[in-house]
>>> print(open('structure27.cif').read())   # mmCIF, C-alpha atoms
data_my_file
loop_
_atom_site.group_PDB
_atom_site.id
_atom_site.type_symbol
_atom_site.label_atom_id
_atom_site.label_comp_id
_atom_site.auth_asym_id
_atom_site.auth_seq_id
_atom_site.Cartn_x
_atom_site.Cartn_y
_atom_site.Cartn_z
ATOM 1 C CA MET X 1 0.000 0.000 0.000
ATOM 2 C CA THR X 2 2.859 2.411 0.864
ATOM 3 C CA LEU X 3 4.474 1.775 -2.542
ATOM 4 C CA CYS X 4 1.194 2.413 -4.319
ATOM 5 C CA LEU X 5 0.699 5.693 -2.457
ATOM 6 C CA ALA X 6 4.226 6.799 -3.396
ATOM 7 C CA LEU X 7 3.620 6.005 -7.046
ATOM 8 C CA ILE X 8 0.350 7.902 -6.968
ATOM 9 C CA ALA X 9 2.065 10.914 -5.343
ATOM 10 C CA CYS X 10 4.813 10.936 -7.987
ATOM 11 C CA LYS X 11 2.231 10.889 -10.719
ATOM 12 C CA LYS X 12 0.191 13.579 -8.995
ATOM 13 C CA ASN X 13 3.152 15.932 -8.681
ATOM 14 C CA SER X 14 4.461 15.713 -12.242
ATOM 15 C CA VAL X 15 6.009 18.897 -13.712
ATOM 16 C CA ASP X 16 5.751 19.689 -17.400
ATOM 17 C CA PHE X 17 5.144 22.568 -19.814
ATOM 18 C CA SER X 18 4.692 23.281 -23.501
ATOM 19 C CA TYR X 19 5.322 26.375 -25.613
ATOM 20 C CA SER X 20 3.869 27.971 -28.721
ATOM 21 C CA PRO X 21 4.781 28.576 -31.473
ATOM 22 C CA GLN X 22 7.052 25.562 -31.824
ATOM 23 C CA GLU X 23 9.483 27.454 -34.087
ATOM 24 C CA PRO X 24 9.550 30.990 -32.664
ATOM 25 C CA ARG X 25 11.463 33.837 -34.239
ATOM 26 C CA ALA X 26 13.447 36.546 -32.504
ATOM 27 C CA GLY X 27 11.074 39.355 -31.529
ATOM 28 C CA GLN X 28 8.040 37.047 -31.495
ATOM 29 C CA SER X 29 6.101 36.427 -28.271
ATOM 30 C CA VAL X 30 6.372 32.819 -27.014
ATOM 31 C CA THR X 31 3.602 31.497 -24.735
ATOM 32 C CA PHE X 32 4.597 28.890 -22.131
ATOM 33 C CA SER X 33 1.755 26.689 -20.874
ATOM 34 C CA ASN X 34 2.204 25.143 -17.428
ATOM 35 C CA LEU X 35 1.110 21.473 -17.561
ATOM 36 C CA SER X 36 2.126 20.626 -13.984
ATOM 37 C CA THR X 37 -0.434 18.609 -12.070
ATOM 38 C CA SER X 38 0.045 20.467 -8.775
ATOM 39 C CA GLY X 39 1.912 23.299 -7.123
ATOM 40 C CA GLU X 40 1.310 26.851 -5.935
ATOM 41 C CA GLU X 41 4.546 28.679 -6.744
ATOM 42 C CA TRP X 42 6.292 28.862 -10.114
ATOM 43 C CA GLU X 43 9.826 29.819 -11.062
ATOM 44 C CA TRP X 44 10.624 30.200 -14.752
ATOM 45 C CA THR X 45 14.044 30.886 -16.188
ATOM 46 C CA PHE X 46 14.118 31.506 -19.924
ATOM 47 C CA GLY X 47 17.820 31.053 -20.634
ATOM 48 C CA ASP X 48 18.556 34.665 -21.590
ATOM 49 C CA GLY X 49 18.609 36.117 -18.084
ATOM 50 C CA ALA X 50 14.853 36.737 -17.865
ATOM 51 C CA THR X 51 12.590 35.092 -15.249
ATOM 52 C CA SER X 52 8.911 34.917 -14.302
ATOM 53 C CA THR X 53 6.731 33.745 -11.408
ATOM 54 C CA LEU X 54 3.490 33.532 -13.392
ATOM 55 C CA ARG X 55 1.837 30.158 -13.847
ATOM 56 C CA SER X 56 1.852 30.369 -17.656
ATOM 57 C CA PRO X 57 3.915 33.358 -18.804
ATOM 58 C CA SER X 58 4.861 34.748 -22.205
ATOM 59 C CA HIS X 59 8.360 35.785 -23.182
ATOM 60 C CA THR X 60 10.036 37.434 -26.183
ATOM 61 C CA TYR X 61 13.584 36.536 -27.223
ATOM 62 C CA LYS X 62 15.507 39.416 -28.773
ATOM 63 C CA GLN X 63 18.261 37.318 -30.334
ATOM 64 C CA PRO X 64 18.211 34.016 -32.245
ATOM 65 C CA GLY X 65 19.759 30.965 -30.605
ATOM 66 C CA THR X 66 18.951 27.906 -28.491
ATOM 67 C CA TYR X 67 17.796 28.639 -24.951
ATOM 68 C CA SER X 68 17.413 26.302 -21.967
ATOM 69 C CA VAL X 69 14.019 26.977 -20.314
ATOM 70 C CA THR X 70 13.386 25.630 -16.811
ATOM 71 C CA LEU X 71 10.231 25.485 -14.707
ATOM 72 C CA LYS X 72 10.589 24.833 -10.965
ATOM 73 C CA VAL X 73 7.483 24.141 -8.865
ATOM 74 C CA ASP X 74 7.180 25.160 -5.194
ATOM 75 C CA LYS X 75 10.952 25.834 -4.999
ATOM 76 C CA LYS X 76 11.745 22.119 -5.014
ATOM 77 C CA LYS X 77 14.715 20.912 -7.018
ATOM 78 C CA SER X 78 13.005 17.593 -7.604
ATOM 79 C CA TRP X 79 9.993 19.327 -9.135
ATOM 80 C CA MET X 80 11.622 20.709 -12.259
ATOM 81 C CA ALA X 81 11.295 20.431 -16.006
ATOM 82 C CA THR X 82 13.736 21.739 -18.624
ATOM 83 C CA LYS X 83 13.351 22.048 -22.394
ATOM 84 C CA GLN X 84 15.462 23.527 -25.189
ATOM 85 C CA VAL X 85 13.802 26.276 -27.216
ATOM 86 C CA THR X 86 15.382 27.187 -30.554
ATOM 87 C CA VAL X 87 14.694 30.734 -31.698
ATOM 88 C CA THR X 88 15.301 31.518 -35.353
ATOM 89 C CA ASP X 89 15.461 34.814 -37.169
ATOM 90 C CA THR X 90 14.307 34.763 -40.753
ATOM 91 C CA ILE X 91 14.429 38.577 -41.005
ATOM 92 C CA PRO X 92 18.028 39.864 -41.059
ATOM 93 C CA THR X 93 18.817 43.175 -39.402
ATOM 94 C CA PHE X 94 21.763 45.127 -38.040
ATOM 95 C CA THR X 95 22.512 47.107 -34.899
ATOM 96 C CA ALA X 96 24.649 50.166 -34.138
ATOM 97 C CA SER X 97 27.184 50.345 -31.313
ATOM 98 C CA ASP X 98 25.643 53.622 -30.119
ATOM 99 C CA SER X 99 22.302 55.328 -30.596
ATOM 100 C CA THR X 100 23.819 58.833 -30.807
ATOM 101 C CA LEU X 101 26.424 59.424 -33.519
ATOM 102 C CA VAL X 102 28.866 62.338 -33.711
ATOM 103 C CA ILE X 103 31.502 63.170 -36.294
ATOM 104 C CA TYR X 104 35.002 61.695 -36.248
ATOM 105 C CA LYS X 105 34.194 58.991 -33.676
ATOM 106 C CA ASP X 106 34.334 55.290 -34.505
ATOM 107 C CA TYR X 107 31.047 53.381 -34.655
ATOM 108 C CA THR X 108 30.394 49.738 -35.437
ATOM 109 C CA PHE X 109 27.359 48.372 -37.275
ATOM 110 C CA THR X 110 26.845 44.617 -36.823
ATOM 111 C CA ALA X 111 24.756 42.337 -39.010
ATOM 112 C CA ASN X 112 22.370 39.954 -37.243
ATOM 113 C CA VAL X 113 21.710 37.093 -39.664
ATOM 114 C CA TYR X 114 20.639 33.677 -38.406
ATOM 115 C CA ASN X 115 22.134 31.043 -40.709
ATOM 116 C CA PRO X 116 21.913 27.660 -38.927
ATOM 117 C CA TYR X 117 22.426 25.639 -42.127
ATOM 118 C CA ASN X 118 25.533 27.578 -43.226
ATOM 119 C CA TYR X 119 24.076 28.694 -46.526
ATOM 120 C CA ASP X 120 26.199 30.887 -48.788
ATOM 121 C CA LEU X 121 26.127 34.343 -47.251
ATOM 122 C CA GLU X 122 27.274 37.715 -48.613
ATOM 123 C CA LEU X 123 26.984 41.035 -46.786
ATOM 124 C CA ILE X 124 27.244 44.330 -48.690
ATOM 125 C CA TRP X 125 27.422 47.523 -46.604
ATOM 126 C CA ASP X 126 26.805 51.050 -47.861
ATOM 127 C CA VAL X 127 27.602 53.872 -45.425
ATOM 128 C CA PRO X 128 27.654 57.216 -47.308
ATOM 129 C CA ASP X 129 29.836 60.141 -46.224
ATOM 130 C CA SER X 130 31.971 57.977 -43.973
ATOM 131 C CA THR X 131 35.387 56.410 -43.854
ATOM 132 C CA ALA X 132 35.290 52.628 -43.383
ATOM 133 C CA LEU X 133 37.987 51.126 -41.165
ATOM 134 C CA THR X 134 36.902 47.465 -41.168
ATOM 135 C CA SER X 135 34.217 45.482 -42.950
ATOM 136 C CA GLY X 136 32.605 42.039 -42.887
ATOM 137 C CA LYS X 137 29.885 40.893 -40.493
ATOM 138 C CA SER X 138 30.584 44.186 -38.734
ATOM 139 C CA ILE X 139 31.669 47.443 -40.300
ATOM 140 C CA THR X 140 33.519 50.105 -38.295
ATOM 141 C CA CYS X 141 33.586 53.629 -39.671
ATOM 142 C CA TYR X 142 33.456 57.301 -38.786
ATOM 143 C CA PHE X 143 31.466 60.170 -40.264
ATOM 144 C CA THR X 144 32.853 63.507 -41.422
ATOM 145 C CA GLU X 145 29.745 65.560 -42.288
ATOM 146 C CA PRO X 146 27.722 66.829 -39.296
ATOM 147 C CA GLU X 147 24.106 67.935 -38.865
ATOM 148 C CA LYS X 148 22.618 65.594 -41.447
ATOM 149 C CA GLU X 149 20.892 62.231 -41.788
ATOM 150 C CA ALA X 150 23.029 59.287 -42.855
ATOM 151 C CA GLU X 151 21.283 56.262 -44.351
ATOM 152 C CA VAL X 152 23.174 53.071 -43.573
ATOM 153 C CA SER X 153 22.163 50.115 -45.715
ATOM 154 C CA LEU X 154 22.999 46.423 -45.636
ATOM 155 C CA ALA X 155 22.254 43.964 -48.442
ATOM 156 C CA VAL X 156 22.080 40.377 -47.138
ATOM 157 C CA ILE X 157 22.421 37.733 -49.838
ATOM 158 C CA LEU X 158 21.552 34.408 -48.189
ATOM 159 C CA ASN X 159 21.248 31.257 -50.286
ATOM 160 C CA GLY X 160 20.583 33.390 -53.356
ATOM 161 C CA ASP X 161 17.853 35.529 -51.749
ATOM 162 C CA THR X 162 18.567 39.222 -51.140
ATOM 163 C CA THR X 163 17.227 41.275 -48.247
ATOM 164 C CA GLU X 164 18.065 44.969 -47.955
ATOM 165 C CA ILE X 165 17.914 46.789 -44.627
ATOM 166 C CA VAL X 166 18.128 50.584 -44.449
ATOM 167 C CA LYS X 167 18.336 52.593 -41.234
ATOM 168 C CA SER X 168 18.719 56.337 -40.806
ATOM 169 C CA PHE X 169 21.032 57.950 -38.237
ATOM 170 C CA TYR X 170 21.463 61.621 -37.439
ATOM 171 C CA ILE X 171 25.107 62.717 -37.332
ATOM 172 C CA HIS X 172 25.731 65.350 -34.666
ATOM 173 C CA ASP X 173 28.521 67.897 -34.561
ATOM 174 C CA GLN X 174 30.747 68.058 -31.482
ATOM 175 C CA LYS X 175 32.783 70.695 -29.711
ATOM 176 C CA THR X 176 36.520 70.314 -29.977
ATOM 177 C CA ASN X 177 39.706 72.354 -30.167
ATOM 178 C CA SER X 178 41.028 74.094 -33.250
ATOM 179 C CA VAL X 179 44.403 75.088 -34.567
ATOM 180 C CA LEU X 180 44.436 78.593 -36.037
ATOM 181 C CA MET X 181 47.013 79.440 -38.699
ATOM 182 C CA ARG X 182 48.114 82.711 -40.205
ATOM 183 C CA THR X 183 49.492 82.507 -43.744
ATOM 184 C CA SER X 184 50.435 85.007 -46.422
ATOM 185 C CA ASP X 185 46.938 84.827 -47.938
ATOM 186 C CA GLY X 186 44.815 84.841 -44.789
ATOM 187 C CA ASP X 187 43.883 83.092 -41.563
ATOM 188 C CA TYR X 188 42.673 79.499 -41.416
ATOM 189 C CA ARG X 189 41.170 77.079 -38.910
ATOM 190 C CA GLN X 190 41.523 73.316 -38.651
ATOM 191 C CA ARG X 191 39.442 71.424 -36.086
ATOM 192 C CA ILE X 192 41.131 68.519 -34.290
ATOM 193 C CA PHE X 193 39.369 65.280 -33.254
ATOM 194 C CA ASP X 194 41.841 63.104 -31.332
ATOM 195 C CA ASP X 195 44.086 61.712 -34.078
ATOM 196 C CA ARG X 196 41.900 63.017 -36.904
ATOM 197 C CA ALA X 197 41.398 66.490 -38.274
ATOM 198 C CA GLU X 198 38.818 68.310 -40.340
ATOM 199 C CA ASP X 199 39.830 69.960 -43.603
ATOM 200 C CA VAL X 200 41.450 73.376 -43.322
ATOM 201 C CA LYS X 201 38.878 76.185 -43.640
ATOM 202 C CA PRO X 202 39.130 79.980 -43.710
ATOM 203 C CA CYS X 203 38.455 81.641 -40.359
ATOM 204 C CA GLU X 204 34.833 82.747 -40.287
ATOM 205 C CA ASP X 205 35.195 84.698 -37.035
ATOM 206 C CA PRO X 206 37.613 87.463 -35.978
ATOM 207 C CA SER X 207 41.067 86.023 -35.350
ATOM 208 C CA SER X 208 41.557 87.787 -32.010
ATOM 209 C CA VAL X 209 42.939 84.599 -30.468
ATOM 210 C CA LEU X 210 45.503 84.391 -33.221
ATOM 211 C CA ASP X 211 46.381 88.072 -32.850
ATOM 212 C CA LYS X 212 47.052 87.657 -29.137
ATOM 213 C CA GLU X 213 49.074 84.495 -29.512
ATOM 214 C CA GLN X 214 52.800 85.052 -29.072
ATOM 215 C CA ASP X 215 55.829 83.156 -27.792
ATOM 216 C CA THR X 216 57.915 86.001 -26.353
ATOM 217 C CA VAL X 217 56.307 86.249 -22.894
ATOM 218 C CA GLN X 218 54.288 83.881 -20.692
ATOM 219 C CA ILE X 219 53.042 83.778 -17.115
ATOM 220 C CA TYR X 220 53.666 80.327 -15.678
ATOM 221 C CA ASN X 221 52.907 79.382 -12.039
ATOM 222 C CA GLY X 222 52.492 83.053 -11.218
ATOM 223 C CA TYR X 223 55.858 84.096 -12.636
ATOM 224 C CA LYS X 224 56.298 86.155 -15.785
ATOM 225 C CA PHE X 225 58.855 84.621 -18.150
ATOM 226 C CA THR X 226 60.186 86.810 -20.948
ATOM 227 C CA LEU X 227 62.173 86.164 -24.082
ATOM 228 C CA SER X 228 65.084 88.328 -22.921
ATOM 229 C CA GLU X 229 65.233 86.494 -19.590
ATOM 230 C CA LEU X 230 65.318 83.034 -21.162
ATOM 231 C CA LYS X 231 67.961 84.113 -23.660
ATOM 232 C CA ALA X 232 70.413 84.053 -20.769
ATOM 233 C CA VAL X 233 69.907 80.280 -20.649
ATOM 234 C CA PHE X 234 69.129 79.717 -24.340
ATOM 235 C CA PRO X 235 71.149 82.264 -26.369
ATOM 236 C CA GLU X 236 69.658 81.189 -29.718
ATOM 237 C CA LEU X 237 66.080 81.458 -28.436
ATOM 238 C CA GLU X 238 63.557 82.958 -30.876
ATOM 239 C CA GLY X 239 60.321 82.068 -29.088
ATOM 240 C CA PHE X 240 59.076 79.770 -26.304
ATOM 241 C CA LYS X 241 56.122 78.135 -24.588
ATOM 242 C CA ILE X 242 56.023 76.506 -21.125
ATOM 243 C CA ALA X 243 53.912 73.527 -19.953
ATOM 244 C CA ASN X 244 54.423 70.871 -17.256
ATOM 245 C CA ARG X 245 57.811 72.356 -16.268
ATOM 246 C CA LYS X 246 59.059 71.956 -19.842
ATOM 247 C CA VAL X 247 60.209 74.777 -22.102
ATOM 248 C CA TYR X 248 59.474 74.305 -25.804
ATOM 249 C CA TYR X 249 61.425 76.819 -27.816
ATOM 250 C CA ARG X 250 62.338 77.884 -31.316
ATOM 251 C CA ALA X 251 66.058 78.203 -32.032
ATOM 252 C CA ASP X 252 67.885 76.244 -34.734
ATOM 253 C CA GLY X 253 64.791 74.097 -35.140
ATOM 254 C CA LEU X 254 62.387 73.109 -32.370
ATOM 255 C CA TRP X 255 63.669 72.102 -28.908
ATOM 256 C CA VAL X 256 62.432 70.999 -25.496
ATOM 257 C CA SER X 257 64.238 71.219 -22.167
ATOM 258 C CA ASN X 258 63.468 71.190 -18.462
ATOM 259 C CA ILE X 259 62.459 74.579 -17.103
ATOM 260 C CA ASP X 260 65.887 74.981 -15.472
ATOM 261 C CA GLY X 261 67.575 74.531 -18.845
ATOM 262 C CA SER X 262 68.758 70.966 -18.283
ATOM 263 C CA TYR X 263 68.529 68.160 -20.829
ATOM 264 C CA PRO X 264 67.824 70.128 -24.019
ATOM 265 C CA VAL X 265 66.633 67.824 -26.815
ATOM 266 C CA GLN X 266 65.948 68.790 -30.417
ATOM 267 C CA ILE X 267 62.479 67.764 -31.654
ATOM 268 C CA ASP X 268 62.784 69.018 -35.253
ATOM 269 C CA PRO X 269 65.968 70.229 -37.010
ATOM 270 C CA LEU X 270 64.092 72.263 -39.643
ATOM 271 C CA PRO X 271 63.617 75.990 -39.019
ATOM 272 C CA CYS X 272 60.496 76.531 -36.915
ATOM 273 C CA ALA X 273 58.388 79.486 -38.067
ATOM 274 C CA ALA X 274 55.672 79.261 -35.368
ATOM 275 C CA MET X 275 54.560 77.085 -32.470
ATOM 276 C CA THR X 276 51.735 76.743 -29.948
ATOM 277 C CA LEU X 277 50.702 74.427 -27.120
ATOM 278 C CA GLU X 278 47.252 72.882 -26.699
ATOM 279 C CA THR X 279 46.503 72.006 -23.048
ATOM 280 C CA GLN X 280 42.717 71.613 -22.945
ATOM 281 C CA TYR X 281 42.149 68.382 -24.872
ATOM 282 C CA ASN X 282 45.188 66.443 -26.028
ATOM 283 C CA ASN X 283 48.254 68.121 -24.472
ATOM 284 C CA ARG X 284 50.115 68.597 -27.721
ATOM 285 C CA ILE X 285 52.655 70.914 -29.257
ATOM 286 C CA TYR X 286 51.960 72.197 -32.773
ATOM 287 C CA TRP X 287 54.634 73.815 -34.919
ATOM 288 C CA ALA X 288 55.150 75.013 -38.487
ATOM 289 C CA ASN X 289 58.185 74.437 -40.691
ATOM 290 C CA GLU X 290 58.913 74.572 -44.415
ATOM 291 C CA GLU X 291 57.051 71.275 -44.960
ATOM 292 C CA GLY X 292 53.803 72.126 -43.162
ATOM 293 C CA VAL X 293 52.236 72.018 -39.694
ATOM 294 C CA TRP X 294 53.166 69.167 -37.335
ATOM 295 C CA TYR X 295 52.193 67.956 -33.881
ATOM 296 C CA MET X 296 53.182 65.527 -31.140
ATOM 297 C CA PRO X 297 52.224 64.899 -27.475
ATOM 298 C CA PHE X 298 54.010 66.762 -24.725
ATOM 299 C CA VAL X 299 57.317 65.237 -23.673
ATOM 300 C CA GLY X 300 57.006 63.541 -20.292
ATOM 301 C CA SER X 301 60.404 62.116 -19.344
ATOM 302 C CA ASP X 302 62.869 63.930 -17.069
ATOM 303 C CA ASN X 303 65.646 63.704 -19.669
ATOM 304 C CA ASN X 304 63.217 64.791 -22.433
ATOM 305 C CA LYS X 305 63.716 61.696 -24.550
ATOM 306 C CA PHE X 306 60.571 61.065 -26.548
ATOM 307 C CA VAL X 307 59.388 57.913 -28.290
ATOM 308 C CA THR X 308 56.469 59.323 -30.297
ATOM 309 C CA THR X 309 56.970 60.330 -33.914
ATOM 310 C CA PRO X 310 55.813 63.793 -35.026
ATOM 311 C CA VAL X 311 52.678 63.686 -37.192
ATOM 312 C CA GLN X 312 52.006 66.067 -40.073
ATOM 313 C CA LEU X 313 48.715 67.912 -39.672
ATOM 314 C CA ASN X 314 48.656 69.670 -43.041
ATOM 315 C CA GLY X 315 50.887 70.895 -45.867
ATOM 316 C CA TYR X 316 50.596 74.667 -45.371
ATOM 317 C CA THR X 317 54.222 75.779 -45.808
ATOM 318 C CA ASP X 318 53.969 79.536 -45.224
ATOM 319 C CA VAL X 319 52.446 79.600 -41.718
ATOM 320 C CA THR X 320 53.825 82.497 -39.665
ATOM 321 C CA LYS X 321 51.663 82.181 -36.552
ATOM 322 C CA LEU X 322 49.820 79.388 -34.727
ATOM 323 C CA ALA X 323 47.243 79.370 -31.926
ATOM 324 C CA ALA X 324 45.217 76.692 -30.148
ATOM 325 C CA ASP X 325 41.558 77.590 -29.721
ATOM 326 C CA GLY X 326 39.344 75.371 -27.575
ATOM 327 C CA GLU X 327 35.619 74.644 -27.184
ATOM 328 C CA LEU X 328 34.674 75.614 -30.709
ATOM 329 C CA LYS X 329 32.154 74.064 -33.086
#
>>> encode(input="structure27.cif", output="structure tokens")
Amino acid sequence: MTLCLALIACKKNSVDFSYSPQEPRAGQSVTFSNLSTSGEEWEWTFGDGATSTLRSPSHTYKQPGTYSVTLKVDKKKSWMATKQVTVTDTIPTFTASDSTLVIYKDYTFTANVYNPYNYDLELIWDVPDSTALTSGKSITCYFTEPEKEAEVSLAVILNGDTTEIVKSFYIHDQKTNSVLMRTSDGDYRQRIFDDRAEDVKPCEDPSSVLDKEQDTVQIYNGYKFTLSELKAVFPELEGFKIANRKVYYRADGLWVSNIDGSYPVQIDPLPCAAMTLETQYNNRIYWANEEGVWYMPFVGSDNNKFVTTPVQLNGYTDVTKLAADGELK
């Protein structure tokens, strides 16, 4: 009799569930029907981090894949049922790495194509007004034209069938620093975005910052340094700038030394026509020689040895004055 009662209890307390549709797609609601013969508390885990305590819940999977779904009854480990639910995606799409896009920043668009049978697959991206850095299942690029809509399209050719997805993204401008340049035919501005730069454009606003820029006098840590004073330490000095206890100066080329005059190191042997320091964004020195405008990060070592290679910003060869101008659109 005891054995019979135990068998009856096991049958009475069976745990089971079903789900519909049997072949769900990503983004489609899946209904789970609780077929358990008893119980008062329900714990569902859907395999993608989501849970539920309803008796017969519904759930939507955002991504294709195979998920392990478990139902536990009355918090008992012995009262559990687990089934594998395969979610397909017959509608290809793609996602962006960020919802807000600004110029000269890298963004990645990733194709989401479910191809469980490994059919022949070809992905063709079209991202106008951008510079592509990588391509394939994902494409990484940056945009150069602000304040406009950019239509990103992806053609998915799967087993001979083509699906085209088009999404629109607004490209925002961003504030950044500029390098101002005075040449024989006018003043120009070039906006800097980390290691990228916008095309050189004529100055549209008064060049008061450029007019004030000079390298013959500077107040540093409350002390006024002058060209005549520093000439006692650097006889060939033509102009200077001070930052982080380093003196950058024009002499026979471009040099850097400690503020006390120790460890002078030549950065560029070519005659330096103008120089400026940018301390708000990237901590760089910009200078002009007969080949164009160049830049490099500030020198950080005590002996002023530097390992970075100067980078050419542009090819303007007749620059006579430079200035760094921050927080400009």
>>> atom_distance(input="structure27.cif", atom1="CA of Asn13 in chain X", atom2="CA of Thr51 in chain X")
22.3 Å
>>> residues_near_point(input="structure27.cif", point="(29.0, 68.3, -43.7)", cutoff="10 Å", atoms="only C-alpha atoms", output="compact mmCIF listing (two decimals) with C-alpha atoms, in the coordinates of the input")
# COMPACT_ATOMS: atom_id res chain seq x y z
CA ILE X 103 31.50 63.17 -36.29
CA ASP X 129 29.84 60.14 -46.22
CA PHE X 143 31.47 60.17 -40.26
CA THR X 144 32.85 63.51 -41.42
CA GLU X 145 29.74 65.56 -42.29
CA PRO X 146 27.72 66.83 -39.30
CA GLU X 147 24.11 67.94 -38.86
CA LYS X 148 22.62 65.59 -41.45
CA ILE X 171 25.11 62.72 -37.33
CA ASP X 173 28.52 67.90 -34.56
>>> atom_distance(input="structure27.cif", atom1="CA of Asn258 in chain X", atom2="CA of Pro310 in chain X")
19.7 Å
>>> closest_residue(input="structure27.cif", among="X:Ser130, X:Asn283, X:Ser208, X:Thr163", to="Val102 in chain X", atoms="all atoms listed in the file")
X:Ser130
>>> residues_around(input="structure27.cif", residues="Ser18 in chain X", least_positions_apart="2", cutoff="12 Å", atoms="all atoms listed in the file", output="PyMOL selection string")
chain X and resi 15-16+20-22+30-36+56-58+69-71+81-85
>>> resolve_selection(input="structure27.cif", expression="the PyMOL selection byres ((chain X and resi 119) around 12)", output="MDAnalysis selection string")
chainID X and resid 113:118 120:122 156:161
>>> atom_distance(input="structure27.cif", atom1="CA of Leu180 in chain X", atom2="CA of Asp325 in chain X")
7.0 Å
>>> residues_around(input="structure27.cif", residues="range 195-198 of chain X", least_positions_apart="6", cutoff="10 Å", atoms="all atoms listed in the file", output="PyMOL selection string")
chain X and resi 103-105+144-145+178-179+189+282+311+313-314
>>> resolve_selection(input="structure27.cif", expression="the PyMOL selection byres ((chain X and resi 186) around 12)", output="ChimeraX atom specification")
/X:180-185,187-189,201-204,206-207,210,316,318-321
>>> resolve_selection(input="structure27.cif", expression="the PyMOL selection byres ((chain X and resi 128) around 8)", output="PyMOL selection string")
chain X and resi 126-127+129-130+150-152
>>> axis_aligned_box(input="structure27.cif", around="range 114-119 of chain X", padding_each_side="3 Å", output="JSON")
{"center_x": 23.1, "center_y": 29.7, "center_z": -42.5, "size_x": 10.9, "size_y": 14.0, "size_z": 14.1}
>>> residues_around(input="structure27.cif", residues="Trp79 in chain X", least_positions_apart="5", cutoff="12 Å", atoms="only C-alpha atoms", output="number ranges by chain")
X: 10-16, 36-43, 70-74
>>> closest_residue(input="structure27.cif", among="X:Tyr281, X:Phe109, X:Trp287, X:Tyr142", to="Thr176 in chain X", atoms="only C-alpha atoms")
X:Tyr281
>>> closest_residue(input="structure27.cif", among="X:Glu229, X:Ala323, X:Ala243, X:Trp255", to="Met275 in chain X", atoms="all atoms listed in the file")
X:Ala323
>>> closest_residue(input="structure27.cif", among="X:Ser97, X:Thr317, X:Thr309, X:Asn303", to="Glu290 in chain X", atoms="all atoms listed in the file")
X:Thr317
>>> closest_residue(input="structure27.cif", among="X:Tyr107, X:Lys305, X:Ile242, X:Ser257", to="Lys224 in chain X", atoms="only C-alpha atoms")
X:Ile242
>>> residues_around(input="structure27.cif", residues="range 233-235 of chain X", least_positions_apart="3", cutoff="9 Å", atoms="only C-alpha atoms", output="PDB file with C-alpha atoms, keeping the file's coordinate frame")
ATOM      1  CA  GLU X 229      65.233  86.494 -19.590  1.00  0.00           C
ATOM      2  CA  LEU X 230      65.318  83.034 -21.162  1.00  0.00           C
ATOM      3  CA  GLU X 238      63.557  82.958 -30.876  1.00  0.00           C
ATOM      4  CA  TYR X 249      61.425  76.819 -27.816  1.00  0.00           C
ATOM      5  CA  ALA X 251      66.058  78.203 -32.032  1.00  0.00           C
ATOM      6  CA  ASP X 260      65.887  74.981 -15.472  1.00  0.00           C
ATOM      7  CA  GLY X 261      67.575  74.531 -18.845  1.00  0.00           C
TER       8      GLY X 261
END
>>> residues_around(input="structure27.cif", residues="Asn244 in chain X", least_positions_apart="6", cutoff="10 Å", atoms="only C-alpha atoms", output="short mmCIF file (atom, residue, chain, number, x, y, z; two decimals) with C-alpha atoms, keeping the file's coordinate frame")
data_model
loop_
_atom_site.label_atom_id
_atom_site.label_comp_id
_atom_site.auth_asym_id
_atom_site.auth_seq_id
_atom_site.Cartn_x
_atom_site.Cartn_y
_atom_site.Cartn_z
CA TYR X 220 53.67 80.33 -15.68
CA ASN X 258 63.47 71.19 -18.46
CA ILE X 259 62.46 74.58 -17.10
CA THR X 279 46.50 72.01 -23.05
CA ASN X 283 48.25 68.12 -24.47
CA PHE X 298 54.01 66.76 -24.72
CA VAL X 299 57.32 65.24 -23.67
CA GLY X 300 57.01 63.54 -20.29
#
>>> residues_near_point(input="structure27.cif", point="(20.9, 42.3, -36.3)", cutoff="6 Å", atoms="only C-alpha atoms", output="list in words")
Thr93, Phe94, Thr95, Ala111 and Asn112 of chain X
>>> closest_residue(input="structure27.cif", among="X:Lys76, X:Arg25, X:Ser68, X:Phe17", to="Arg55 in chain X", atoms="only C-alpha atoms")
X:Phe17
